Structure formats: structure tokens, C-alpha cells
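Single-structure report; data block below.
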Amino acid sequence: LGEEVIRQNIISHATSVSDMLELAVMLKEVGLVDTEKARVQIVPLFETIEDLDHSEETMRSYLSLPIAKRWIASKNNYQEIMLGYSDSNKDGGYLSSCWTLFKAQQQLTAIGDEFGVKITFFHGRGGTVGRGGGPTYEAITSQPLKSINDRIRLTEQGEVIGNKYGNKDAAYYNLEMLVSATINRMIAEQKSPFSMFDRFGEVMDKVVNRSYDIYRDLVFGNEHFYDYFFEASPIKEVSSLNIGSRPAARKTITEISGLRAIPWVFSWSQNRIMFPGWYGVGSAFNRFIQAEEGNLEKLQHMFETWPFFRSLLSNVDMVLSKSDMNIAFHYAQLAESEEVRSVFNIILDEWQMTKDVILAIEKHDGFLDESPSLKASLDFRLPYFNVLNYIQIELIKRLRNNDLTDDEISLIHITING
């Protein structure tokens with residue numbers, strides 16, 4: 001393949017144009033970048049809410065540089081930008097992550113048009129909703145109009161590769177979905193490309209700002225949350241599994257922000273709370289609904305007419321259907337103090353609020369009303385998961401009391417894998 005074998009070099013956690021230029025200096029030293037062309041393109045990865053909010057400013061500065069213009073020209077005027085789903089979710093919660101990513105794509109697409117550059121987005125999606133996952137077709141067709149011109153990139157990460165591409169029929173089906181969804185979004189027409197955003201953007205801003213505050217108040221503001229997470233989930237056992245490409249944390253785990261996204265999301269799925277996929281959604285929408293008569297009807301109209309909003313809420317519906325707060329209660333009892341266990345009550349109240357609000361906006365009687373096949377699948381699988389959960393709780397309890405041998409500790413890993 002020659003020059004085509006590696007086309008991009010991604011700079012993780014890009015916060016400013018200097019991060020991109022520092023990478024350029026290193027690439028220059030090995031002959032991959034010079035003053036006229038870039039054999040390997042420099043691709044920023046915007047991961048946190050703050051980085052995404054500042055991505056427009058960063059890319060405007062970068063695209064204004066004469067040397068960057070020459071580098072991009074040598075790549076047929078394409079500039080790739082990677083978007084981080086997992087860390088933005090951990091940073092600000094599900095609603096804040098999704099909305100910030102949506103707005104960032106609109107802004108960056110507009111900047112590309114302004115500078116005559118074709119922006120290609122590389123979506124760093126994981127398998128679960130908390131890491132940007134969910135139904136592939138709906139995820140692509142709900143992207144902002146004009147954000148997909150003639151190409152799109154996305155990650156398919158470890159835990160879903162076997163499921164989606166493990167045999168020929170599944171692989172063909174999933175590849176057809178990717179292609180058809182991308183073509184659908186490329187050719188979609190609308191009188192005003194941003195009319196949905198213009199009509200509903202102010203509503204989303206209000207709801208999302210509230211959701212962000214609710215999420216951060218608990219995750220980073222509650223003094224007992226850190227202990228709750230580490231005591232009421234199998235995070236320590238998950239971290240010792242070989243399930244990620246990198247260590248569980250960027251450094252010794254002393255705070256939530258230092259924890260990597262895979263063990264964070266995976267641990268919440270183990271204790272059946274599914275926290276990253278819904279927390280902060282219910283109270284934020286409920287406050288908007290209570291603020292003015294007719295606001296519920298406005299949200300119902302958004303759900304019926306706006307693909308982005310429909311996909312957003314459908315994913316929350318799906319995640320809630322996979323949670324089990326009765327099992328989560330038993331995990332909470334693993335915590336040593338009553339103050340730490342009380343965090344569960346905060347989460348439980350928000351879960352009930354989110355359930356009520358989501359079903360009201362969707363006008364549904366129960367979860368997965370529009371996905372009977374998935375509901376049937378979950379009804380079949382969940383009893384087996386429930387048994388594994390109870391076994392896991394008992395094993396963790398014995399481990400913490402030093403009642404397990406080294407050989408028996410592996411049983412916890414078996415329940416996690418199960």
C-alpha cells in the first residue's frame with residue numbers, strides 16, 4: 001500500500017492548536033511532514049465537553065495557518081476530525097455528551113465550508129450507549145445534515161466486533177446498514193438544513209445545561225460518590241481483566257476523572273444501574289416540562305419529527321430496560337457505611353423520574369414498545385444475567401472478607417465475562 005498504509009496520526013485529548021503542532025514537530029523529525037505536504041494527516045481528537053466546546057476555536061486557528069493549508073491541500077483538501085464519545089459522556093453525562101457532539105459537528109462543518117475544506121468526522125463510538133453506541137442505522141441518520149458529505153469513519157470496538165462481524169451473514173448485514181445509513185444522510189434534503197436545530201436548539205440548550213449540572217453535582221460534587229462507585233460495583237475486578245487496549249486508569253485511580261471509559265461504563269453495566277446511559281436525563285426534562293404548560297407537548301413533537309431527538313430518547317429507553325434497580329440495591333449493600341449506601345437512593349430517585357419522563361415523551365406504556373424483538377430477546381436473556389449478578393455479589397462479599405482462595409477469585413472474572 002505504500003503511502004496509503006497509514007493515512008492519519010490522531011492526537012488524543014486535543015485541547016488547542018498547539019497540541020496539533022507539537023505532533024507536527026515530531027512527525028517532521030521522521031520525515032512524515034515538511035513545509036509543503038503531510039504524508040500523514042494530523043487528526044485532533046476532541047474528547048471532553050470542554051474540548052468539544054472549544055473545537056471550533058481550535059480548528060479555526062489551525063485552518064488559518066498557511067502551513068496547515070498546504071498540508072491539507074496535499075490531502076485533496078480533506079481534514080479529518082475525531083470525536084470522543086466515551087470521555088465526553090463521563091465528563092458531563094449522556095445528554096450533555098450527545099448534544100455537545102451534535103453542535104460541534106455543525107460548527108466544524110460550517111468552518112470547513114468557510115475555509116474550503118472537506119471535514120470528515122471519525123466517530124469514536126463504543127458498543128454501549130454510554131460510550132456512543134446504540135443502533136447503528138439510527139445513530140448515523142440522526143447526525144446533523146451536511147456533516148456527512150462523501151465519507152464517514154467510525155470505530156467498532158472489541159466487545160461488539162464478534163457480534164456484528166463474527167460470521168459472513170452478520171457482517172454483510174451490518175456493512176449494508178452502515179452504507180445505506182450513510183447514503184441516506186448524504187442525500188437527505190430539507191428546506192433549511194438547520195431548521196430542526198433552529199426550532200429546537202434553545203429547548204435542548206436549557207435541558208442539557210440542567211442535565212450537566214445534575215450529573216456533575218453527583219459524580220464530582222458528592223463526597224461519597226467515589227466510594228460508592230468503588231464499593232458498590234466490581235470496578236476493581238473489572239480493572240484486572242484484559243478487556244481494554246489500555247490500563248484502567250491514566251494514573252493511580254484517586255478520582256473519577258482519571259478512570260478510563262471502558263471500565264467506567266462496564267462496571268455500571270455489571271451492577272445493572274447502566275448509569276452513564278441515562279443519569280441526569282429525567283430531572284432535566286421534568287424541570288422543563290414543569291416550567292410552562294405545553295412543554296410536554298413540545299417535547300413529544302420533537303420526538304415525533306426530529307431524528308436526532310428520537311434516537312437520543314430511544315437509546316435512553318433501551319438502557320433503562322436493561323437496568324435492574326432491585327439487583328443494584330444488593331450491590332449497594334456491599335458499601336461499608338450508610339453515607340456511602342445512601343448514594344443509591346439518589347440514583348434510584350433519578351431512575352424513576354427518568355422512566356416516567358421518557359415514557360411520557362414517547363407516549364409509550366412501557367420500555368421497548370417500538371422494539372418488540374429486542375424486548376423478547378431481553379426477556380429471554382435477563383434471567384440468566386440475574387443469576388450471574390447474585391453469584392457475583394456473593395463472591396465479591398466473600399473476597400472482601402478474605403474468604404476466597406486465589407483459584408476461587410477467578411470465578412468473579414467468569415461472572416463478569418458472562
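Lettering and numbering for the C-alpha cells are positional, with chains as A, B, ... in the shown order, residues counted from 1 in each chain, and ligands counted from 1 in the shown order.
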Residues at most 8 Å from Val17 of chain A, counting only C-alpha atoms, excluding those fewer than 5 positions away in the same chain, as an MDAnalysis selection string?
-> chainID A and resid 58:59 61:62
Using only all heavy atoms, please write the residues we just selected to a file, as a PDB file, in the first residue's frame.
```pdb
ATOM      1  N   THR A  58     -10.310  26.008  18.089  1.00  0.00           N
ATOM      2  CA  THR A  58      -9.065  25.296  17.783  1.00  0.00           C
ATOM      3  C   THR A  58      -8.901  25.083  16.290  1.00  0.00           C
ATOM      4  O   THR A  58      -7.833  25.363  15.715  1.00  0.00           O
ATOM      5  CB  THR A  58      -9.044  23.927  18.507  1.00  0.00           C
ATOM      6  OG1 THR A  58      -9.099  24.136  19.919  1.00  0.00           O
ATOM      7  CG2 THR A  58      -7.782  23.148  18.160  1.00  0.00           C
ATOM      8  N   MET A  59      -9.958  24.612  15.631  1.00  0.00           N
ATOM      9  CA  MET A  59      -9.854  24.317  14.201  1.00  0.00           C
ATOM     10  C   MET A  59      -9.787  25.587  13.371  1.00  0.00           C
ATOM     11  O   MET A  59      -9.136  25.619  12.317  1.00  0.00           O
ATOM     12  CB  MET A  59     -11.022  23.436  13.752  1.00  0.00           C
ATOM     13  CG  MET A  59     -10.974  22.018  14.291  1.00  0.00           C
ATOM     14  SD  MET A  59      -9.379  21.187  14.012  1.00  0.00           S
ATOM     15  CE  MET A  59      -9.268  21.210  12.222  1.00  0.00           C
ATOM     16  N   SER A  61      -8.238  28.305  14.259  1.00  0.00           N
ATOM     17  CA  SER A  61      -6.832  28.721  14.357  1.00  0.00           C
ATOM     18  C   SER A  61      -5.944  27.851  13.465  1.00  0.00           C
ATOM     19  O   SER A  61      -5.053  28.350  12.776  1.00  0.00           O
ATOM     20  CB  SER A  61      -6.355  28.627  15.810  1.00  0.00           C
ATOM     21  OG  SER A  61      -7.100  29.478  16.645  1.00  0.00           O
ATOM     22  N   TYR A  62      -6.225  26.552  13.472  1.00  0.00           N
ATOM     23  CA  TYR A  62      -5.397  25.614  12.695  1.00  0.00           C
ATOM     24  C   TYR A  62      -5.584  25.844  11.194  1.00  0.00           C
ATOM     25  O   TYR A  62      -4.611  25.919  10.439  1.00  0.00           O
ATOM     26  CB  TYR A  62      -5.767  24.181  13.069  1.00  0.00           C
ATOM     27  CG  TYR A  62      -4.937  23.133  12.363  1.00  0.00           C
ATOM     28  CD1 TYR A  62      -3.597  22.927  12.698  1.00  0.00           C
ATOM     29  CD2 TYR A  62      -5.490  22.336  11.354  1.00  0.00           C
ATOM     30  CE1 TYR A  62      -2.838  21.959  12.053  1.00  0.00           C
ATOM     31  CE2 TYR A  62      -4.740  21.374  10.717  1.00  0.00           C
ATOM     32  CZ  TYR A  62      -3.418  21.187  11.068  1.00  0.00           C
ATOM     33  OH  TYR A  62      -2.660  20.231  10.419  1.00  0.00           O
TER      34      TYR A  62
END
```
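Between Ile256 of chain A and the residues A:Asp356, A:Glu202, A:Glu223, A:Asp169, the shortest atom-to-atom distance, using only C-alpha atoms, involves A:Glu223.
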Residue list (strand (DSSP E or B), DSSP) for segment 131-370 of chain A, as a ChimeraX atom specification = /A:153-154,249,259
Just the residues within 12 Å of Ile412 of chain A, please, counting only C-alpha atoms, with nothing from its chain fewer than 6 positions along; format it as a ChimeraX atom specification.
-> /A:234-238,240-241,270,388-399,404-406,418
Counting only C-alpha atoms, figure out which residue out of A:Glu350, A:Glu338, A:Glu297, A:Glu304 gets nearest to Met325 of chain A.
-> A:Glu350
Non-local contacts of segment 69-84 of chain A (7 Å; only C-alpha atoms; under 5 positions in same chain excluded) as a PyMOL selection string = chain A and resi 36-38+43-47+63+117-124
Could you pull out the residues in segment 59-283 of chain A that DSSP calls helix (DSSP H, G or I) from the backbone, as a ChimeraX atom specification?
-> /A:59-63,66-73,86-92,94-115,129-131,136-141,158-165,168-187,195-219,225-231,235-239,256-258,261-270,275-277,281-283
Name all residues at most 6 Å from segment 171-178 of chain A (count only C-alpha atoms; drop same-chain ones fewer than 6 positions away) and give them as a count of residues only.
-> 3
Arg272 of chain A surroundings by only C-alpha atoms, 12 Å radius, close-in-sequence under 3 positions cut, as a VMD selection string | chain A and resid 232 to 234 265 to 269 275 to 277 319 to 332 348 351 382 385 to 386 388 to 390 392 to 393 416
At a cut-off of 12 Å, can you tabulate as JSON lines every residue of segment 258-320 of chain A near segment 91-114 of chain A together with its closest atom pair and the distance in Å to one decimal, using only C-alpha atoms and ordering rows by chain then number?
```
{"residue": "A:Gly258", "atom": "CA", "partner": "A:Asp91", "partner_atom": "CA", "distance": 10.6}
{"residue": "A:Leu259", "atom": "CA", "partner": "A:Asp91", "partner_atom": "CA", "distance": 10.8}
{"residue": "A:Arg260", "atom": "CA", "partner": "A:Asp91", "partner_atom": "CA", "distance": 11.1}
{"residue": "A:Ala261", "atom": "CA", "partner": "A:Asp91", "partner_atom": "CA", "distance": 10.0}
{"residue": "A:Trp264", "atom": "CA", "partner": "A:Asp91", "partner_atom": "CA", "distance": 11.5}
{"residue": "A:Val265", "atom": "CA", "partner": "A:Gly93", "partner_atom": "CA", "distance": 11.6}
{"residue": "A:Met274", "atom": "CA", "partner": "A:Tyr94", "partner_atom": "CA", "distance": 11.2}
{"residue": "A:Phe275", "atom": "CA", "partner": "A:Gly93", "partner_atom": "CA", "distance": 9.0}
{"residue": "A:Pro276", "atom": "CA", "partner": "A:Tyr94", "partner_atom": "CA", "distance": 6.2}
{"residue": "A:Gly277", "atom": "CA", "partner": "A:Tyr94", "partner_atom": "CA", "distance": 5.6}
{"residue": "A:Trp278", "atom": "CA", "partner": "A:Tyr94", "partner_atom": "CA", "distance": 6.1}
{"residue": "A:Tyr279", "atom": "CA", "partner": "A:Gly93", "partner_atom": "CA", "distance": 6.8}
{"residue": "A:Gly280", "atom": "CA", "partner": "A:Gly93", "partner_atom": "CA", "distance": 7.0}
{"residue": "A:Val281", "atom": "CA", "partner": "A:Leu95", "partner_atom": "CA", "distance": 6.6}
{"residue": "A:Gly282", "atom": "CA", "partner": "A:Leu95", "partner_atom": "CA", "distance": 10.3}
{"residue": "A:Ser283", "atom": "CA", "partner": "A:Leu95", "partner_atom": "CA", "distance": 11.7}
{"residue": "A:Ala284", "atom": "CA", "partner": "A:Leu95", "partner_atom": "CA", "distance": 9.4}
{"residue": "A:Phe285", "atom": "CA", "partner": "A:Leu95", "partner_atom": "CA", "distance": 10.3}
{"residue": "A:Phe308", "atom": "CA", "partner": "A:Phe102", "partner_atom": "CA", "distance": 8.7}
{"residue": "A:Phe309", "atom": "CA", "partner": "A:Trp99", "partner_atom": "CA", "distance": 9.5}
{"residue": "A:Ser311", "atom": "CA", "partner": "A:Cys98", "partner_atom": "CA", "distance": 10.3}
{"residue": "A:Leu312", "atom": "CA", "partner": "A:Cys98", "partner_atom": "CA", "distance": 7.7}
{"residue": "A:Leu313", "atom": "CA", "partner": "A:Leu95", "partner_atom": "CA", "distance": 9.4}
{"residue": "A:Asn315", "atom": "CA", "partner": "A:Tyr94", "partner_atom": "CA", "distance": 10.0}
{"residue": "A:Val316", "atom": "CA", "partner": "A:Tyr94", "partner_atom": "CA", "distance": 8.8}
{"residue": "A:Val319", "atom": "CA", "partner": "A:Tyr94", "partner_atom": "CA", "distance": 11.2}
```
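Of the listed residues (A:Asn345, A:Gln333, A:Thr155, A:Asn89), A:Asn89 comes nearest to Tyr215 of chain A; the distances count only C-alpha atoms.
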Identify which of the residues A:Gln300, A:Ser86, A:Thr136, A:Ser147 lies closest to His364 of chain A, counting only C-alpha atoms when measuring atom-to-atom distances.
->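 Going through A:Gln300, A:Ser86, A:Thr136, A:Ser147 one by one, the smallest distance to His364 of chain A is for A:Gln300.
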In terms of the shortest atom-to-atom distance over only C-alpha atoms, which of A:Phe115, A:Gly31, A:Pro263, A:Trp306 is closest to Arg60 of chain A?
->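 Using only C-alpha atoms, Arg60 of chain A sits closest to A:Phe115.
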